[in-house]
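The structure under discussion appears below in the form of structure tokens.
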Amino acid sequence: PSRDSALLTPHPCLQVSGASQSSESRKNSDPGPGAAAATPLGGDRFKIEGRAIVPGVKAQDWVSTARVLVDGEDYVGFLRTDGGFSVNDVPSGSYVVEVVTPSYRFEPVRVDITSKGKMRARMVNYIKTSEVIRQPYPLQIRSSGPHSYFMKRETWGWTDFLMNPMVMMMVLPLLIIVLLPKVVNTNDPEMRKEMEQSMNMLNPNPELPDVSELMTKLFSGSKGSSKASSSKGTRPAVKRR
Amino acid sequence: MAKLILLLLKCILLCGTVYAVFEDQVGKFDWRQQYVGKVRFCHFDAHMQSSKKVLLATESNVFAALNTRTGEVLWRHVDKTGPEGNIDAFLQNGQDAVLVVGNGRFLRSWETNIGGLNWEAVLDSGSFQSACLIGQQGTVKNVAVLKKTAISLHYLSNGHQKWIENLPDSDTVDYQTVYSGGNSEVYVLGVVPHSHIAIVAFSGDDGEILQQSSVEAPWLSSIPESCQMVDQDLLICVDSTTMSLYTLDLKLQLQLNQIPLQSLELEVDPDFRPSLVSHQPNPAKQPRSEFFLQLAPDHYVLLQFNNGQLVVLRDFKPALLVSFATTGEKTVAAVMSPKNKTASSINLFNAETGRRLLDTTLIFTMDPNGGKPEKLNVQAFLKKDDSVGYRVMVQTKDHTLTFLQQPGRVLWTREEALSDVLTMEMVDLPLTGTQAELEGEFGKKTAIQDGLMSMVFKRLSSQLILLQAWVAHLWKLFYDARKPRSQVKNDISMENLSRDEFNLQKMMVMVTASGKLFGIDSKTGGILWKHYLENIPSNAAFKLMVQRTTAHFPHPPQCTLLIKDKDTGLASLHVFNPIYGKMSHVSPPALPQPILQSLMLPFMDQDYAKVLLLIDDQYKVSAFPSTKYVLQQLQEMASSIFFFLVDSNQGRLSGYRLRTDLSTEQIWEVALPTETQKIVSVKGKKPNEHVHSQGRVMGDRSVLYKYLNPNLLAVVTESTDLHQERSFVGIILIDGVTGRIIHEAVQRKARGPVHVVHSENWVVYEYWSTKSRRNEFSVIELYEGMELYNSTAFSSLDRPLVPQVLQQSYIFPSSISTMEATLTEKGITSRHLLIGLPSGGILSLPKMFLDPRRPEMASEQSREENLIPYAPELMIRTEWFVNYNQTVSRVRGIYTAPSGLESTCLVVAYGLDIYHTRVYPSKQFDVLKDDYDYMLISSVLLALFFATMISKRLAEVKLLNRAWR
């Protein structure tokens with residue numbers, strides 16, 4: 001390989017300093033979307049309120065691991081011992097409010113705050129962002145159950161083996177080959193007529209060769225086997241005669 | 001129908017690529033360590049005698065409860081980073097903890113037993129000064145918060161405001177402290193520097209000003225630094241210029257009473273600012289009348305007010321730290337005094353008399369590689385015989401917490417420096433003695449000269465050693481199997497540290513912001529060595545480089561840490577052995593000039609250490625190590641060594657070339673106008689990354705060749721205009737050698753923070769779309785086309801064709817904290833993106849979802865290529881979380897390292913917590929899965945074996961029968 005290829009490594013000292021400075025300055029000067037740039041602290045700041053519920057679990061058992069995140073970590077709220085929460089100091093705008101805990105799953109909610117402080121909660125739809133499906137405000141966020149983090153191990157059992165479509169495909173024809181001659185006396189001419197009739201009924205179109213061919217094969221096979229007794233499965237029939 | 005097929009196909013594909021953890025794998029190869037950060041406030045839960053809790057409020061904006069028996073986190077609340085989550089004050093009242101957060105913006109009360117919030121109150125704006133609990137008739141019902149211009153009282157039961165009053169003359173007086181001595185009065189103390197103290201007494205019931213006065217104090221500049229409250233509403237201050245103590249009765253407020261230190265036969269160390277330590281065990285009662293006066297860094301005096309008289313109870317010299325503690329009605333003073341170089345002793349003294357309590361000595365052994373003790377937190381308790389017992393939590397300068405009990409038994413230690421890891425590297429472990437012996441047999445040149453016979457003997461003896469090791473291993477297995485599982489510990493120590501079969505266990509070298517370096521075993525998470533670097537500037541930037549790996553036995557591995565002061569640019573080097581943490585005997589060069597850039601060259605000196613180049617602000621280059629051999633090599637290679645510099649303030653990227661005399665020459669410069677945009681990050685590719693396939697096979701069997709430029713830089717810019725209609729994020733792909741701009745893309749109506757991953761022939765970046773108010777991912781892939789220009793080597797200087805650029809964007813339903821790509825040994829395994837989410841999960845997202853060739857409509861060819869049809873939204877599935885419920889708070893970085901197995905990538909996520917795991921992006925294709933069913937395979941084999949035996953026998957019988965017929 002050419003020599004200039006690997007001789008170049010970026011220098012984190014320089015980059016990091018540049019990156020962190022700029023991100024800090026951005027955060028300081030940006031009060032959030034929709035907010036007037038000159039909003040004084042405590043002027044147009046609002047409170048998002050709500051309650052998170054895990055059905056069947058006492059709030060005390062899970063609130064210590066939970067947080068309320070508004071637009072990522074832009075604003076953070078904590079849960080009270082009864083499951084209620086309030087996120088203070090939020091300027092007007094539109095936010096995604098999410099209750100986060102490692103044990104339970106909560107759906108996020110979008111909350112719109114007008115510059116006058118009117119609140120509206122709606123479903124989060126990232127694709128159609130303007131679509132409004134109203135949800136109650138103050139928020140009532142109900143958990144839809146525990147998180148599923150794990151995959152099920154593929155366990156091996158006899159039923160799995162037997163219910164496998166490949167095995168079924170192999171076993172069923174075998175059963176038919178073995179059992180059909182026993183159950184139905186194919187030498188009975190009436191019976192044969194009846195069967196042919198039913199076959200024709202089932203298969204009125206003679207141009208479909210597959211099934212009829214299979215059937216004829218099956219019949220001829222069983223006939224042939226009665227003479228040649230080459231097939232293991234038809235041997236009992238031979239013996240009976 | 002077509003749709004259905006499509007869906008089915010998608011499902012199959014998804015199932016095929018799903019990587020998830022199985023429940024039985026929990027804790028098998030992953031571990032997590034939770035940290036809280038450097039402790040700012042600490043309270044032992046004292047409302048119950050049997051409590052096992054210590055509450056900590058830290059500088060990382062974390063409020064947590066630790067179990068004092070084990071040191072584990074019981075619960076933890078992580079607030080926003082930065083000043084908005086800063087914990088200003090921590091007051092404890094029974095089982096409630098009251099915090100003032102965000103420069104006095106919030107007042108929060110926590111229920112410490114379950115770790116839930118009682119209430120949160122928003123306070124009026126104004127910068128926070130002080131807070132205290134207000135007691136009345138022995139019970140505490142209110143909390144007072146002092147701001148610059150106002151004081152407010154709040155009920156502890158619900159946080160509601162009782163009253164708020166403006167402070168008189170707040171424009172001239174700097175109010176600093178609020179105090180209540182257990183009666184209903186609330187005193188606010190302010191100072192006009194070098195003039196007088198202003199005292200305002202409020203009525204606790206309605207906020208009425210009861211009294212207001214000012215007392216001359218021309219020597220005083222700050223009350224919290226030089227004054228304390230003791231005894232009955234008595235303010236006591238110390239001044240070093242007049243060498244005196246001053247007392248002031250707040251009730252009478254007549255004048256300061258000067259007590260020269262000479263009259264107490266005390267003397268302040270010159271150049272030392274004396275300070276006071278007092279103690280108020282119950283906010284509803286007055287403070288103790290005893291207090292400590294610090295006269296020198298190692299000199300404390302215990303003083304007491306006795307009926308208006310100041311009495312010296314005891315002189316402590318030398319004493320490093322002092323602390324008061326109260327249990328029941330007894331108050332004790334704990335004093336730590338140095339014993340010898342590595343140990344100090346802590347003793348308890350009766351606070352009232354100054355007498356030493358018998359049998360209370362505790363020996364604290366200091367880590368020679370750690371910092372000096374900084375703070376002493378004493379948990380006192382009454383023993384059965386009514387004497388005072390105690391445990392201490394010692395905080396040291398390197399952010400370590402050590403919890404000890406008598407007579408010096410360490411119950412636990414916590415390395416809180418690890419809550420702030422800045423950078424890390426993973427280093428292969430060395431080979432064991434036997435492995436090294438074997439290697440040495442082939443490596444040494446002298447062996448060949450020894451002759452045939454000796455070589456045969458060597459061979460045999462090394463085989464014998466191997467056999468011996470194997471037998472020992474078997475014996476250990478057998479021995480361990482008999483013991484109950486809980487007793488079998490995988491004790492990793494320096495002695496048995498060695499590389500495993502698949503190189504899955506490595507040494508994690510972590511550099512923390514405090515300047516403490518750690519060596520952590522990646523298998524267990526145990527800290528194997530630590531080294532505290534003193535005198536690290538607070539805003540230092542670190543760069544850790546592995547100069548020599550463990551592969552060059554007998555040369556020891558070598559890591560170099562570049563420490564750079566961000567303000568001055570001055571740097572220093574710390575060279576150490578990453579396996580043992582010891583400082584290397586190689587002396588690093590002194591760097592008198594500010595350093596702009598450093599780069600590791602791929603060639604080594606005669607001792608197999610890679611050469612490190614440092615470029616100073618005069619654009620002069622120095623090499624480390626700088627032996628004659630290295631300099632000669634450098635001269636030969638100078639024409640092919642290029643480097644670049646980024647100046648984000650001036651918006652300039654410039655490329656330089658090395659001359660043979662180690663000076664440099666600028667060859668290109670790209671200027672980005674700083675009025676409109678600024679450079680936020682520049683990402684190159686990882687030097688240790690391997691790309692296995694040169695191209696992608698298309699559905700029509702042709703090959704689309706990747707544009708694999710190792711010198712490519714991804715430069716991300718953000719607009720300075722942050723208006724949501726006009727803000728944009730730009731990405732520029734520049735060749736770092738020639739300065740040629742390969743591609744430029746602008747994302748309009750977008751803003752940062754931008755997270756970028758740059759690898760192989762693709763760049764993935766994430767930004768915030770201000771128009772649609774969502775996070776979006778964008779992927780850029782570069783292809784050479786259907787033909788490769790020069791397939792044998794890549795040179796930036798000879799690449800006439802412009803690569804084809806493909807780009808696609810997706811919606812991501814969460815913001816992200818950090819992003820990294822998996823890395824494997826040979827690059828055969830498919831790549832995943834590891835995304836750290838604010839919720840603490842680490843999502844493993846297959847790169848195949850971020851593929852600009854995803855078609856809108858699936859065609860026969862795209863299906864053959866395994867392309868998933870385009871869908872705008874990427875999913876977050878909790879099954880894809882590599883850390884299941886082991887959330888990692890505030891992920892700052894994700895480090896990926898290849899292991900010896902191609903399928904396996906080692907992952908370390910660090911932030912407030914540290915989490916290590918292994919991921920298998922393409923599943924474990926090169927080893928048997930850990931759920932491999934040995935029983936089934938052996939039973940099937942056995943069954944088949946018997947079936948053949950039986951059928952053979954039957955066939956024989958049949959043949960025989962036929963022959964007889």
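Identifiers for the structure tokens are assigned positionally: chains receive A, B, ... in sequence, residues are indexed from 1 per chain, and ligands are indexed from 1 in the order shown.
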- prompt: Near stretch 108-112 of chain A, within 7 Å and counting only C-alpha atoms, which residues show up once chain neighbours fewer than 2 positions away are dropped, as a list of chain:residue names?
  reply: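 Answer for this query is A:Gly93, A:Ser94, A:Tyr95, A:Val96, A:Val97, A:Glu98, A:Phe106, A:Thr114, A:Met119, A:Arg120, A:Ala121, A:Arg122, A:Met123, A:Val124.
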- prompt: Using the chain letters and numbers from this document, which residues of stretch 413-654 of chain B does DSSP assign to strand (DSSP E), as a ChimeraX atom specification?
  reply: /B:413-415,421-428,506-512,516-521,527-532,540-548,558-565,571-576,595-604,610-616,621-624,642-647,652-654
Given only C-alpha atoms as the counted atoms, nearest of A:Arg51, A:Lys182, A:Lys152, A:Lys58 to chain B: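 Closest to chain B of all the choices is A:Lys152.
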Set the cut-off to 6 Å and count only C-alpha atoms: what are the residues of chain B that reach chain A? Output as a compact mmCIF listing (two decimals) with all heavy atoms, in the first residue's frame.
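Listing of result19.txt after writing:
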```
# COMPACT_ATOMS: atom_id res chain seq x y z
N ALA B 20 -29.39 -10.22 19.79
CA ALA B 20 -29.96 -9.94 21.10
C ALA B 20 -29.28 -10.79 22.13
O ALA B 20 -28.61 -11.77 21.82
CB ALA B 20 -31.46 -10.20 21.10
N VAL B 21 -29.48 -10.39 23.34
CA VAL B 21 -28.89 -11.12 24.45
C VAL B 21 -29.89 -12.19 24.87
O VAL B 21 -31.09 -11.98 24.83
CB VAL B 21 -28.64 -10.15 25.62
CG1 VAL B 21 -27.87 -10.83 26.73
CG2 VAL B 21 -27.91 -8.93 25.15
N PHE B 22 -29.38 -13.34 25.22
CA PHE B 22 -30.24 -14.37 25.79
C PHE B 22 -30.24 -14.20 27.30
O PHE B 22 -29.26 -13.73 27.88
CB PHE B 22 -29.74 -15.76 25.41
CG PHE B 22 -29.80 -16.03 23.96
CD1 PHE B 22 -28.66 -16.08 23.19
CD2 PHE B 22 -31.02 -16.23 23.33
CE1 PHE B 22 -28.71 -16.31 21.83
CE2 PHE B 22 -31.09 -16.47 21.98
CZ PHE B 22 -29.94 -16.51 21.22
N GLU B 23 -31.33 -14.62 27.90
CA GLU B 23 -31.48 -14.33 29.32
C GLU B 23 -30.40 -15.04 30.15
O GLU B 23 -29.95 -14.51 31.15
CB GLU B 23 -32.87 -14.75 29.79
CG GLU B 23 -33.21 -14.12 31.11
CD GLU B 23 -34.70 -13.97 31.32
OE1 GLU B 23 -35.46 -14.41 30.45
OE2 GLU B 23 -35.07 -13.42 32.35
N GLY B 115 -36.24 6.51 47.65
CA GLY B 115 -35.55 7.23 46.58
C GLY B 115 -36.50 7.92 45.63
O GLY B 115 -36.17 8.08 44.46
N GLY B 116 -37.65 8.32 46.11
CA GLY B 116 -38.59 9.04 45.26
C GLY B 116 -38.67 10.49 45.69
O GLY B 116 -38.24 10.87 46.78
N LEU B 117 -39.25 11.29 44.81
CA LEU B 117 -39.34 12.71 45.08
C LEU B 117 -40.56 12.97 45.97
O LEU B 117 -41.63 12.41 45.73
CB LEU B 117 -39.49 13.45 43.74
CG LEU B 117 -39.28 14.95 43.69
CD1 LEU B 117 -37.85 15.29 44.04
CD2 LEU B 117 -39.61 15.45 42.30
N ASN B 118 -40.42 13.79 47.00
CA ASN B 118 -41.58 14.24 47.76
C ASN B 118 -42.26 15.39 47.04
O ASN B 118 -43.45 15.36 46.77
CB ASN B 118 -41.17 14.71 49.15
CG ASN B 118 -40.85 13.55 50.06
OD1 ASN B 118 -41.48 12.50 49.98
ND2 ASN B 118 -39.85 13.72 50.89
N ALA B 541 -6.60 18.25 28.34
CA ALA B 541 -7.06 17.32 27.32
C ALA B 541 -6.05 16.18 27.29
O ALA B 541 -4.85 16.39 27.47
CB ALA B 541 -7.12 18.00 25.97
N GLN B 597 -0.35 19.38 17.44
CA GLN B 597 -0.81 18.13 16.84
C GLN B 597 0.15 17.01 17.20
O GLN B 597 1.35 17.26 17.41
CB GLN B 597 -0.86 18.34 15.31
CG GLN B 597 -1.13 17.14 14.47
CD GLN B 597 -2.56 16.70 14.51
OE1 GLN B 597 -3.02 16.28 15.55
NE2 GLN B 597 -3.26 16.78 13.40
N LEU B 599 0.94 12.78 16.15
CA LEU B 599 0.54 11.63 15.35
C LEU B 599 1.49 10.46 15.54
O LEU B 599 2.67 10.62 15.77
CB LEU B 599 0.43 11.97 13.85
CG LEU B 599 1.50 12.76 13.13
CD1 LEU B 599 1.75 12.12 11.79
CD2 LEU B 599 1.01 14.16 12.92
N LEU B 601 3.25 7.29 14.02
CA LEU B 601 3.66 6.78 12.72
C LEU B 601 3.59 5.26 12.75
O LEU B 601 3.79 4.64 13.79
CB LEU B 601 5.07 7.24 12.41
CG LEU B 601 5.25 8.74 12.31
CD1 LEU B 601 6.66 9.07 11.89
CD2 LEU B 601 4.27 9.34 11.33
N SER B 640 6.61 11.34 2.54
CA SER B 640 5.27 10.73 2.53
C SER B 640 4.55 10.92 3.86
O SER B 640 3.59 10.23 4.14
CB SER B 640 5.38 9.24 2.20
OG SER B 640 6.10 8.60 3.22
N ILE B 641 5.03 11.83 4.68
CA ILE B 641 4.33 12.09 5.94
C ILE B 641 3.62 13.43 5.83
O ILE B 641 4.23 14.47 5.60
CB ILE B 641 5.31 12.07 7.13
CG1 ILE B 641 5.89 10.67 7.28
CG2 ILE B 641 4.60 12.49 8.40
CD1 ILE B 641 6.96 10.56 8.32
N PHE B 643 0.33 15.81 7.58
CA PHE B 643 -0.58 15.96 8.71
C PHE B 643 -1.43 17.21 8.50
O PHE B 643 -1.16 18.02 7.62
CB PHE B 643 0.18 16.01 10.04
CG PHE B 643 1.13 17.16 10.18
CD1 PHE B 643 0.72 18.34 10.76
CD2 PHE B 643 2.42 17.04 9.72
CE1 PHE B 643 1.59 19.40 10.89
CE2 PHE B 643 3.30 18.11 9.84
CZ PHE B 643 2.89 19.29 10.42
N SER B 648 -10.57 25.75 14.87
CA SER B 648 -12.01 25.97 14.78
C SER B 648 -12.37 27.43 15.02
O SER B 648 -13.41 27.89 14.58
CB SER B 648 -12.74 25.05 15.76
OG SER B 648 -12.36 25.35 17.06
N VAL B 680 -17.30 21.89 14.09
CA VAL B 680 -17.55 21.30 15.39
C VAL B 680 -16.80 19.98 15.59
O VAL B 680 -16.47 19.63 16.71
CB VAL B 680 -19.05 21.11 15.67
CG1 VAL B 680 -19.72 22.44 15.88
CG2 VAL B 680 -19.72 20.33 14.58
N SER B 681 -16.55 19.25 14.51
CA SER B 681 -15.73 18.06 14.71
C SER B 681 -15.12 17.62 13.40
O SER B 681 -15.63 17.91 12.32
CB SER B 681 -16.53 16.93 15.35
OG SER B 681 -17.30 16.25 14.40
N PRO B 710 -7.95 6.01 3.07
CA PRO B 710 -7.64 6.05 4.50
C PRO B 710 -7.37 7.46 5.02
O PRO B 710 -7.32 7.68 6.22
CB PRO B 710 -6.39 5.17 4.62
CG PRO B 710 -5.78 5.19 3.28
CD PRO B 710 -6.87 5.39 2.30
N ALA B 793 -2.71 -0.35 -4.69
CA ALA B 793 -2.42 0.56 -3.59
C ALA B 793 -3.27 1.79 -3.72
O ALA B 793 -3.67 2.18 -4.83
CB ALA B 793 -0.95 0.94 -3.59
N PHE B 794 -3.53 2.42 -2.59
CA PHE B 794 -4.28 3.66 -2.64
C PHE B 794 -3.33 4.81 -2.41
O PHE B 794 -2.55 4.80 -1.46
CB PHE B 794 -5.37 3.67 -1.57
CG PHE B 794 -6.28 4.85 -1.69
CD1 PHE B 794 -7.46 4.75 -2.39
CD2 PHE B 794 -5.91 6.08 -1.16
CE1 PHE B 794 -8.27 5.85 -2.54
CE2 PHE B 794 -6.72 7.18 -1.32
CZ PHE B 794 -7.90 7.07 -2.01
N SER B 795 -3.37 5.78 -3.25
CA SER B 795 -2.60 6.99 -3.01
C SER B 795 -3.50 8.19 -3.24
O SER B 795 -4.18 8.29 -4.25
CB SER B 795 -1.40 7.06 -3.95
OG SER B 795 -0.82 8.33 -3.83
N SER B 815 -33.29 10.99 20.78
CA SER B 815 -32.01 11.68 20.66
C SER B 815 -30.92 10.72 21.10
O SER B 815 -31.21 9.70 21.73
CB SER B 815 -31.99 12.94 21.52
OG SER B 815 -32.03 12.60 22.87
N SER B 839 -31.67 7.37 27.57
CA SER B 839 -32.34 6.51 28.54
C SER B 839 -31.36 5.54 29.19
O SER B 839 -31.71 4.88 30.16
CB SER B 839 -33.45 5.72 27.86
OG SER B 839 -32.89 4.84 26.91
N THR B 878 -36.05 -2.91 22.07
CA THR B 878 -35.31 -3.14 23.31
C THR B 878 -34.52 -4.44 23.24
O THR B 878 -33.57 -4.62 23.97
CB THR B 878 -36.25 -3.17 24.52
OG1 THR B 878 -37.39 -3.93 24.18
CG2 THR B 878 -36.62 -1.78 24.94
N GLU B 879 -34.90 -5.35 22.33
CA GLU B 879 -34.11 -6.58 22.16
C GLU B 879 -32.72 -6.26 21.61
O GLU B 879 -31.82 -7.05 21.73
CB GLU B 879 -34.80 -7.56 21.20
CG GLU B 879 -36.00 -8.26 21.77
CD GLU B 879 -37.27 -7.52 21.46
OE1 GLU B 879 -37.20 -6.32 21.12
OE2 GLU B 879 -38.35 -8.12 21.58
N TYR B 884 -29.17 -4.74 28.01
CA TYR B 884 -30.49 -5.05 28.57
C TYR B 884 -30.88 -4.03 29.64
O TYR B 884 -30.96 -2.83 29.31
CB TYR B 884 -30.60 -6.51 29.02
CG TYR B 884 -29.45 -7.05 29.88
CD1 TYR B 884 -29.62 -7.22 31.24
CD2 TYR B 884 -28.22 -7.38 29.31
CE1 TYR B 884 -28.58 -7.70 32.01
CE2 TYR B 884 -27.19 -7.85 30.09
CZ TYR B 884 -27.37 -8.01 31.44
OH TYR B 884 -26.36 -8.46 32.24
N ASN B 885 -31.11 -4.42 30.89
CA ASN B 885 -31.55 -3.40 31.85
C ASN B 885 -30.40 -2.74 32.60
O ASN B 885 -30.62 -1.95 33.50
CB ASN B 885 -32.58 -3.98 32.83
CG ASN B 885 -31.97 -5.02 33.74
OD1 ASN B 885 -30.78 -5.32 33.63
ND2 ASN B 885 -32.75 -5.57 34.63
```
Coordinates-based distance that separates atom CA of B:Gly94 from atom CA of B:Phe381 (Å, one decimal): 16.0 Å
- prompt: Among stretch 167-239 of chain B, which residues carry a DSSP assignment of alpha helix (DSSP H), reported as a list in words?
  reply: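 Residues of stretch 167-239 of chain B classed as alpha helix (DSSP H): Ile223, Pro224, Glu225 and Ser226 of chain B.
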How would the residues just chosen look if you wrote them out with C-alpha atoms as a compact mmCIF listing (two decimals), in the first residue's frame?
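Result file selection_11.txt:
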```
# COMPACT_ATOMS: atom_id res chain seq x y z
CA ILE B 223 -18.46 35.42 55.74
CA PRO B 224 -18.56 31.72 54.71
CA GLU B 225 -14.80 31.63 54.39
CA SER B 226 -13.87 33.16 57.69
```
query: So, counting only C-alpha atoms, which residue among A:Glu107, A:Ile176, A:Pro138, A:Val132 is closest to A:Glu49?
result: A:Pro138
task: To one decimal in Å, tell me the separation between atom CA of B:Ser859 and atom CA of B:Pro872.
output: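 Interatomic distance here is 18.3 Å.
Among B:Tyr175, B:Trp163, B:Phe812, B:Phe305, the residue with the shortest atom-to-atom distance to B:Met229, counting only C-alpha atoms, is B:Phe305.
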- line: atom CA of B:Glu290 to atom CA of B:Asn347 measures 17.1 Å
message: Taking 2 positions as the minimum chain separation for residues in the same chain, which residues sit within 8 Å of stretch 106-112 of chain B when counting only C-alpha atoms? Answer as an MDAnalysis selection string.
response: (chainID A and resid 81) or (chainID B and resid 65 95:102 104 114:123 156 159)
field: Nearby residues (only C-alpha atoms) at most 12 Å from stretch 386-391 of chain B, same-chain spacing under 4 positions excluded, as a ChimeraX atom specification
entry: /B:44,52,54,68-69,324-334,346-350,356-364,376-382,402-412
